[in-house]
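Peer 1: Take a look at input-v5.pdb, PDB, C-alpha atoms:
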```pdb
MODEL        1
ATOM      1  CA  MET A 236       0.000   0.000   0.000
ATOM      2  CA  SER A 237       1.547   3.315  -1.076
ATOM      3  CA  LEU A 238       1.597   6.492   0.977
ATOM      4  CA  GLU A 239      -1.511   8.574   0.291
ATOM      5  CA  ASP A 240      -1.456  12.329  -0.130
ATOM      6  CA  THR A 241      -3.954  15.135  -0.446
ATOM      7  CA  THR A 242      -3.706  18.455  -2.287
ATOM      8  CA  PHE A 243      -4.168  21.578  -0.176
ATOM      9  CA  GLN A 244      -4.389  24.984  -1.863
ATOM     10  CA  PHE A 245      -3.275  27.549   0.693
ATOM     11  CA  LYS A 246      -1.903  31.097   0.536
ATOM     12  CA  GLY A 247      -1.908  30.968  -3.277
ATOM     13  CA  GLN A 248       0.287  27.848  -3.371
ATOM     14  CA  HIS A 249      -0.281  24.136  -3.980
ATOM     15  CA  TRP A 250       0.844  21.755  -1.248
ATOM     16  CA  ARG A 251       0.614  17.968  -1.366
ATOM     17  CA  LEU A 252       0.418  16.680   2.180
ATOM     18  CA  SER A 253       1.678  13.117   2.416
ATOM     19  CA  ALA A 254       0.917  10.375   4.906
ATOM     20  CA  GLY A 255       4.684   9.914   4.783
ATOM     21  CA  ARG A 256       4.881  12.957   7.102
ATOM     22  CA  ALA A 257       6.109  15.363   4.438
ATOM     23  CA  ILE A 258       4.821  18.162   2.210
ATOM     24  CA  TYR A 259       5.556  18.534  -1.469
ATOM     25  CA  TRP A 260       5.440  22.217  -2.460
ATOM     26  CA  GLU A 261       4.609  22.239  -6.166
ATOM     27  CA  GLU A 262       5.620  25.822  -7.018
ATOM     28  CA  GLU A 263       9.093  25.380  -5.502
ATOM     29  CA  ASN A 264       9.512  21.700  -6.460
ATOM     30  CA  ALA A 265      10.509  21.184  -2.835
ATOM     31  CA  LEU A 266       9.943  18.348  -0.375
ATOM     32  CA  ILE A 267       9.517  19.673   3.182
ATOM     33  CA  VAL A 268      10.116  17.609   6.321
ATOM     34  CA  ALA A 269      10.920  18.281   9.964
ATOM     35  CA  ASP A 270      12.481  16.464  12.898
ATOM     36  CA  LEU A 271      14.232  13.492  11.303
ATOM     37  CA  HIS A 272      16.424  13.059  14.402
ATOM     38  CA  VAL A 273      19.009  10.920  12.598
ATOM     39  CA  GLY A 274      21.244   9.472  15.311
ATOM     40  CA  LYS A 275      18.670   9.546  18.096
ATOM     41  CA  SER A 276      18.153   5.798  18.342
ATOM     42  CA  ALA A 277      21.931   5.161  18.349
ATOM     43  CA  HIS A 278      22.289   7.853  21.032
ATOM     44  CA  PHE A 279      19.755   6.028  23.221
ATOM     45  CA  ARG A 280      21.360   2.628  22.636
ATOM     46  CA  LYS A 281      24.758   4.048  23.617
ATOM     47  CA  ALA A 282      23.143   5.151  26.883
ATOM     48  CA  GLY A 283      22.046   1.551  27.502
ATOM     49  CA  ILE A 284      18.391   2.042  26.559
ATOM     50  CA  ALA A 285      16.927  -0.753  24.427
ATOM     51  CA  VAL A 286      15.839   0.814  21.135
ATOM     52  CA  PRO A 287      15.299  -1.004  17.787
ATOM     53  CA  ALA A 288      18.314  -0.686  15.508
ATOM     54  CA  ASN A 289      16.429  -0.199  12.228
ATOM     55  CA  ILE A 290      14.576   3.066  12.962
ATOM     56  CA  VAL A 291      16.844   5.296  10.873
ATOM     57  CA  GLN A 292      16.777   2.811   7.994
ATOM     58  CA  GLU A 293      12.965   2.835   7.979
ATOM     59  CA  ASP A 294      12.812   6.642   8.147
ATOM     60  CA  LEU A 295      15.291   7.124   5.309
ATOM     61  CA  TYR A 296      13.581   4.469   3.201
ATOM     62  CA  ARG A 297      10.323   6.420   3.592
ATOM     63  CA  LEU A 298      12.142   9.608   2.574
ATOM     64  CA  GLN A 299      13.532   7.746  -0.437
ATOM     65  CA  GLN A 300       9.987   6.696  -1.400
ATOM     66  CA  LEU A 301       8.871  10.325  -1.271
ATOM     67  CA  ILE A 302      11.807  11.475  -3.397
ATOM     68  CA  THR A 303      10.976   8.800  -5.965
ATOM     69  CA  LYS A 304       7.323   9.883  -5.997
ATOM     70  CA  TYR A 305       7.731  13.675  -6.221
ATOM     71  CA  HIS A 306      11.185  14.128  -7.837
ATOM     72  CA  PRO A 307      12.011  17.310  -5.877
ATOM     73  CA  LYS A 308      14.938  19.540  -6.788
ATOM     74  CA  GLN A 309      15.414  20.441  -3.125
ATOM     75  CA  ILE A 310      14.602  19.130   0.326
ATOM     76  CA  LEU A 311      13.846  21.601   3.113
ATOM     77  CA  ILE A 312      14.449  20.181   6.586
ATOM     78  CA  VAL A 313      12.744  22.343   9.201
ATOM     79  CA  GLY A 314      15.136  21.543  12.013
ATOM     80  CA  ASP A 315      16.464  18.646  14.064
ATOM     81  CA  MET A 316      17.775  16.678  11.138
ATOM     82  CA  PHE A 317      20.328  15.123  13.466
ATOM     83  CA  HIS A 318      20.231  14.367  17.160
ATOM     84  CA  SER A 319      23.203  15.897  18.946
ATOM     85  CA  SER A 320      26.595  14.213  18.503
ATOM     86  CA  ALA A 321      27.739  12.306  15.418
ATOM     87  CA  ASN A 322      27.455   8.531  15.499
ATOM     88  CA  ASN A 323      27.145   5.582  13.106
ATOM     89  CA  GLU A 324      23.683   6.706  11.951
ATOM     90  CA  VAL A 325      25.203   9.916  10.590
ATOM     91  CA  GLN A 326      27.597   7.751   8.578
ATOM     92  CA  TYR A 327      24.631   5.722   7.346
ATOM     93  CA  PHE A 328      22.978   8.943   6.200
ATOM     94  CA  LYS A 329      26.160   9.914   4.353
ATOM     95  CA  ILE A 330      25.997   6.706   2.310
ATOM     96  CA  TRP A 331      22.249   7.164   1.729
ATOM     97  CA  ARG A 332      22.794  10.785   0.643
ATOM     98  CA  GLN A 333      25.062   9.697  -2.219
ATOM     99  CA  GLN A 334      22.017   8.410  -4.125
ATOM    100  CA  PHE A 335      20.792  11.978  -4.638
ATOM    101  CA  PRO A 336      23.701  14.246  -5.655
ATOM    102  CA  HIS A 337      21.320  16.288  -7.848
ATOM    103  CA  ILE A 338      19.091  17.291  -4.908
ATOM    104  CA  THR A 339      20.032  20.181  -2.642
ATOM    105  CA  PHE A 340      19.425  19.753   1.084
ATOM    106  CA  GLU A 341      18.555  22.963   2.961
ATOM    107  CA  LEU A 342      18.583  22.598   6.742
ATOM    108  CA  ILE A 343      16.967  25.200   8.975
ATOM    109  CA  GLU A 344      18.909  24.540  12.139
ATOM    110  CA  GLY A 345      17.114  23.076  15.143
ATOM    111  CA  ASN A 346      18.151  22.823  18.776
ATOM    112  CA  HIS A 347      19.617  19.335  18.204
ATOM    113  CA  ASP A 348      21.608  20.278  15.089
ATOM    114  CA  ILE A 349      24.922  20.834  16.863
ATOM    115  CA  LEU A 350      27.354  18.909  14.675
ATOM    116  CA  GLU A 351      30.549  20.605  13.523
ATOM    117  CA  SER A 352      30.039  22.708  10.379
ATOM    118  CA  SER A 353      32.557  20.510   8.571
ATOM    119  CA  VAL A 354      30.214  17.527   8.994
ATOM    120  CA  TYR A 355      27.382  19.358   7.240
ATOM    121  CA  ASP A 356      29.784  20.394   4.476
ATOM    122  CA  ASP A 357      30.836  16.774   4.048
ATOM    123  CA  LEU A 358      27.176  15.734   3.826
ATOM    124  CA  GLN A 359      26.441  18.506   1.289
ATOM    125  CA  ILE A 360      23.848  20.156   3.497
ATOM    126  CA  ASN A 361      23.332  23.934   3.422
ATOM    127  CA  LEU A 362      22.641  25.549   6.802
ATOM    128  CA  HIS A 363      20.183  28.346   7.638
ATOM    129  CA  GLN A 364      18.920  29.846  10.863
ATOM    130  CA  VAL A 365      15.832  31.067   9.019
ATOM    131  CA  LEU A 366      14.870  30.389   5.413
ATOM    132  CA  SER A 367      12.567  32.731   3.476
ATOM    133  CA  LEU A 368      10.899  31.646   0.225
ATOM    134  CA  ARG A 369       8.145  33.663  -1.462
ATOM    135  CA  ASN A 370       5.874  34.860   1.363
ATOM    136  CA  PHE A 371       6.808  32.033   3.724
ATOM    137  CA  TYR A 372       9.574  31.638   6.226
ATOM    138  CA  PHE A 373      10.820  28.466   7.834
ATOM    139  CA  VAL A 374      12.166  28.237  11.374
ATOM    140  CA  HIS A 375      12.462  25.168  13.585
ATOM    141  CA  ASP A 376      10.776  26.549  16.703
ATOM    142  CA  ALA A 377       7.906  28.982  16.197
ATOM    143  CA  GLU A 378       8.983  30.759  19.392
ATOM    144  CA  ASP A 379      12.128  31.873  17.545
ATOM    145  CA  LYS A 380      10.286  33.592  14.694
ATOM    146  CA  PRO A 381      12.084  36.736  13.486
ATOM    147  CA  SER A 382      10.234  40.057  13.616
ATOM    148  CA  VAL A 383      11.999  41.255  10.451
ATOM    149  CA  LEU A 384       9.855  38.896   8.379
ATOM    150  CA  GLU A 385       6.555  40.322   9.543
ATOM    151  CA  GLY A 386       3.842  39.534   7.012
ATOM    152  CA  HIS A 387       5.303  36.180   5.995
ATOM    153  CA  TYR A 388       3.539  32.956   6.944
ATOM    154  CA  LEU A 389       5.505  30.836   9.407
ATOM    155  CA  ILE A 390       6.227  27.116   8.870
ATOM    156  CA  SER A 391       7.873  25.292  11.781
ATOM    157  CA  GLY A 392       8.406  21.913  13.412
ATOM    158  CA  HIS A 393       9.880  21.128  16.843
ATOM    159  CA  ILE A 394       6.801  20.242  18.889
ATOM    160  CA  HIS A 395       5.845  16.990  17.062
ATOM    161  CA  PRO A 396       2.139  17.874  16.815
ATOM    162  CA  GLY A 397      -0.599  15.336  17.362
ATOM    163  CA  ILE A 398      -4.378  15.219  17.743
ATOM    164  CA  ARG A 399      -6.333  13.001  20.111
ATOM    165  CA  MET A 400      -9.056  11.113  18.261
ATOM    166  CA  ILE A 401     -11.916   9.649  20.295
ATOM    167  CA  GLY A 402     -13.900   6.666  19.005
ATOM    168  CA  ALA A 403     -17.535   5.707  19.521
ATOM    169  CA  GLY A 404     -16.604   3.439  22.419
ATOM    170  CA  ARG A 405     -14.684   6.243  24.139
ATOM    171  CA  GLN A 406     -11.373   4.709  23.133
ATOM    172  CA  SER A 407      -8.823   7.345  22.190
ATOM    173  CA  LEU A 408      -5.658   7.513  20.146
ATOM    174  CA  ARG A 409      -3.178  10.300  19.486
ATOM    175  CA  LEU A 410      -2.118  10.638  15.871
ATOM    176  CA  PRO A 411       0.474  12.868  14.171
ATOM    177  CA  CYS A 412      -0.868  15.752  12.123
ATOM    178  CA  PHE A 413      -0.189  18.772   9.940
ATOM    179  CA  TYR A 414      -1.518  21.962  11.481
ATOM    180  CA  PHE A 415      -2.239  25.189   9.588
ATOM    181  CA  GLY A 416      -3.196  28.022  11.911
ATOM    182  CA  MET A 417      -3.911  31.663  11.180
ATOM    183  CA  GLU A 418      -0.299  32.782  11.623
ATOM    184  CA  GLY A 419       1.691  29.618  11.058
ATOM    185  CA  ALA A 420       1.844  25.924  10.270
ATOM    186  CA  VAL A 421       3.448  23.096  12.230
ATOM    187  CA  LEU A 422       4.779  19.969  10.549
ATOM    188  CA  PRO A 423       4.630  16.470  12.035
ATOM    189  CA  ALA A 424       7.881  14.876  13.125
ATOM    190  CA  PHE A 425       9.226  12.817  10.237
ATOM    191  CA  SER A 426      10.913  10.243  12.451
ATOM    192  CA  GLY A 427       8.861   7.423  13.877
ATOM    193  CA  PHE A 428      10.943   7.627  17.072
ATOM    194  CA  THR A 429       9.353  10.732  18.618
ATOM    195  CA  GLY A 430       6.582  11.562  21.035
ATOM    196  CA  LEU A 431       3.524  13.669  20.264
ATOM    197  CA  TYR A 432       2.385  17.007  21.652
ATOM    198  CA  SER A 433      -1.402  17.289  21.792
ATOM    199  CA  LEU A 434      -2.625  20.337  19.878
ATOM    200  CA  HIS A 435      -5.784  22.265  20.595
ATOM    201  CA  PRO A 436      -6.706  23.738  17.190
ATOM    202  CA  GLU A 437      -7.772  27.353  17.055
ATOM    203  CA  PRO A 438     -10.936  28.342  15.130
ATOM    204  CA  ASP A 439     -10.568  28.431  11.333
ATOM    205  CA  SER A 440      -7.420  26.293  11.409
ATOM    206  CA  ALA A 441      -6.879  23.316   9.094
ATOM    207  CA  VAL A 442      -5.779  19.995  10.573
ATOM    208  CA  PHE A 443      -4.749  16.927   8.570
ATOM    209  CA  VAL A 444      -4.353  13.699  10.537
ATOM    210  CA  ILE A 445      -2.056  10.835   9.546
ATOM    211  CA  ALA A 446      -3.299   7.309  10.256
ATOM    212  CA  GLU A 447      -1.040   4.516   9.004
ATOM    213  CA  LYS A 448      -0.579   5.353   5.293
ATOM    214  CA  LYS A 449      -3.677   7.507   4.967
ATOM    215  CA  ILE A 450      -4.264  11.209   5.528
ATOM    216  CA  PHE A 451      -7.532  13.006   6.153
ATOM    217  CA  ARG A 452      -8.744  16.446   7.162
ATOM    218  CA  ILE A 453     -10.729  16.868  10.371
TER     219      ILE A 453
ENDMDL
END
```
How would this structure read if it were set down as structure tokens?
Peer 2:
Amino acid sequence: MSLEDTTFQFKGQHWRLSAGRAIYWEEENALIVADLHVGKSAHFRKAGIAVPANIVQEDLYRLQQLITKYHPKQILIVGDMFHSSANNEVQYFKIWRQQFPHITFELIEGNHDILESSVYDDLQINLHQVLSLRNFYFVHDAEDKPSVLEGHYLISGHIHPGIRMIGAGRQSLRLPCFYFGMEGAVLPAFSGFTGLYSLHPEPDSAVFVIAEKKIFRI
């Protein structure tokens, strides 16, 4: 079963929201993701915490599927691409990255992106504190939004947004989501190895929930 997507026309642009936890921005031919946290599972295992070893492989395979589907010229990573110090998962990413020399990787730095600048150079990743494209700006944490870009629409990550869904039998489940509010959007964490922060949508917002390989608006 392939990853479903849905087209969302918003702010004069066309966005394809994927159940693969990514957005394809048609006008910019860009794939947008947030919070990959490459290296997080290895970091936990090094600390003696039992974590499955194949998390990063599954995440990067999903990213590869999305690249194959949309053929982007660039990938925008809205922070926390890596998780603190370099480890063997960063080396795995380096090998994986070699499949796509024609694609530029633009990383808006997150609080966990603390590798030496030479590592990013070696991985062919361009670094930004804030990235502005058209009338949108990208920053990892919405709390760090710059005042100089007043009037632009904010797109961020960081909080790993989720929505609690309640069934007919009062059973509940939190699911990752895309959130488009009046002033800014929040992307779901791309990595499967993250928690979820329960959102409380404001009026007139748009929320798209991801359930397995499907996506639907609520």
Peer 1: Decode the PyMOL selection byres ((chain A and resi 436) around 9) for the given file into explicit residues and return them as a list in words.
Peer 2: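 Selected by the PyMOL selection byres ((chain A and resi 436) around 9) in this file: Ile398, Tyr414, Phe415, Gly416, Leu434, His435, Glu437, Pro438, Asp439, Ser440, Ala441 and Val442 of chain A.
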Peer 1: What does the structure give for the distance between CA of Gln309 in chain A and CA of Glu418 in chain A, in Å to one decimal?
Peer 2: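 So the two atoms, CA of Gln309 in chain A and CA of Glu418 in chain A, lie 24.8 Å apart.
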Peer 1: What's the separation between CA of Val365 in chain A and CA of Ile343 in chain A, in Å to one decimal place?
Peer 2: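 Atom-to-atom, CA of Val365 in chain A and CA of Ile343 in chain A are spaced 6.0 Å apart.
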Peer 1: One decimal, in Å: what's the spacing between CA of Gln334 in chain A and CA of Gln299 in chain A?
Peer 2: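 We find that CA of Gln334 in chain A and CA of Gln299 in chain A lie 9.3 Å from each other.
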Peer 1: To test your reading of the syntax: which residues would the PyMOL selection byres ((chain A and resi 307) around 6) return for the file shown? Reply as a list in words.
Peer 2: Asn264, Ala265, Leu266, Tyr305, His306, Lys308 and Gln309 of chain A
Peer 1: Skip Phe443 in chain A itself and residues of its chain fewer than 4 positions away, then list as an MDAnalysis selection string all residues within 7 Å of it, counting only C-alpha atoms.
Peer 2: chainID A and resid 412:414 450:453
Peer 1: Restricted to C-alpha atoms, what would the selected residues look like written as a PDB file, in the coordinates of the input?
Peer 2:
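And here's part06.pdb as it stands now:
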```pdb
ATOM      1  CA  CYS A 412      -0.868  15.752  12.123  1.00  0.00           C
ATOM      2  CA  PHE A 413      -0.189  18.772   9.940  1.00  0.00           C
ATOM      3  CA  TYR A 414      -1.518  21.962  11.481  1.00  0.00           C
ATOM      4  CA  ILE A 450      -4.264  11.209   5.528  1.00  0.00           C
ATOM      5  CA  PHE A 451      -7.532  13.006   6.153  1.00  0.00           C
ATOM      6  CA  ARG A 452      -8.744  16.446   7.162  1.00  0.00           C
ATOM      7  CA  ILE A 453     -10.729  16.868  10.371  1.00  0.00           C
TER       8      ILE A 453
END
```
Peer 1: Please provide as a list in words all residues within 7 Å of range 374-385 of chain A, with the sequence filter that same-chain residues fewer than 4 positions apart are discarded (counting all atoms listed in the file).
Peer 2: Val313, Gly314, Ile343, Glu344, Gly345, Gln364, Val365, Leu366, Ile390, Ser391, Gly392 and His393 of chain A
Peer 1: Pick from A:Asn370, A:Asn346, A:Gln333, A:Ser253: nearest to Leu358 in chain A, with only C-alpha atoms counted?
Peer 2: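 The answer is A:Gln333, which sits nearest to Leu358 in chain A.
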Peer 1: Taking the file as shown, find all residues satisfying the PyMOL selection byres ((chain A and resi 399) around 9) and write them as a list of chain:residue names.
Peer 2: A:Gly397, A:Ile398, A:Met400, A:Ile401, A:Ser407, A:Leu408, A:Arg409, A:Leu410, A:Ser433, A:Leu434
Peer 1: Determine the nearest neighbour of Glu263 in chain A from the options A:Met316, A:Leu422, A:Leu311, A:Ile349, counting all atoms listed in the file.
Peer 2: A:Leu311
Peer 1: Rank nothing, just name the residue among A:Lys448, A:Ile360, A:Val421, A:Pro336 nearest to Tyr388 in chain A, using all atoms listed in the file.
Peer 2: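 Of A:Lys448, A:Ile360, A:Val421, A:Pro336, the one nearest Tyr388 in chain A, counting all atoms listed in the file, is A:Val421.
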Peer 1: Which neighbours of Leu271 in chain A fall inside 9 Å, counting all atoms listed in the file, when residues of the same chain fewer than 6 positions from it are skipped, and could you give them as number ranges by chain?
Peer 2: A: 291, 294-295, 312, 314-318, 424-428
Peer 1: Which residue is closest to Glu239 in chain A? Choose from A:His347, A:Arg332, A:His387, A:Lys449 and count only C-alpha atoms.
Peer 2: A:Lys449
Peer 1: Please determine, counting only C-alpha atoms, which residue among A:Gln244, A:Gln406, A:Ser353, A:Thr429 has the shortest atom-to-atom distance to Ile290 in chain A.
Peer 2: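 Among A:Gln244, A:Gln406, A:Ser353, A:Thr429, it is A:Thr429 that comes nearest to Ile290 in chain A.
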Peer 1: May I have the centre and edge lengths, in Å to one decimal, of an axis-aligned box around the listed atoms of range 328-339 of chain A with 8 Å added to every side, as lines of an AutoDock Vina configuration file?
Peer 2:
```
center_x = 22.6
center_y = 13.4
center_z = -0.8
size_x = 23.1
size_y = 29.5
size_z = 30.0
```
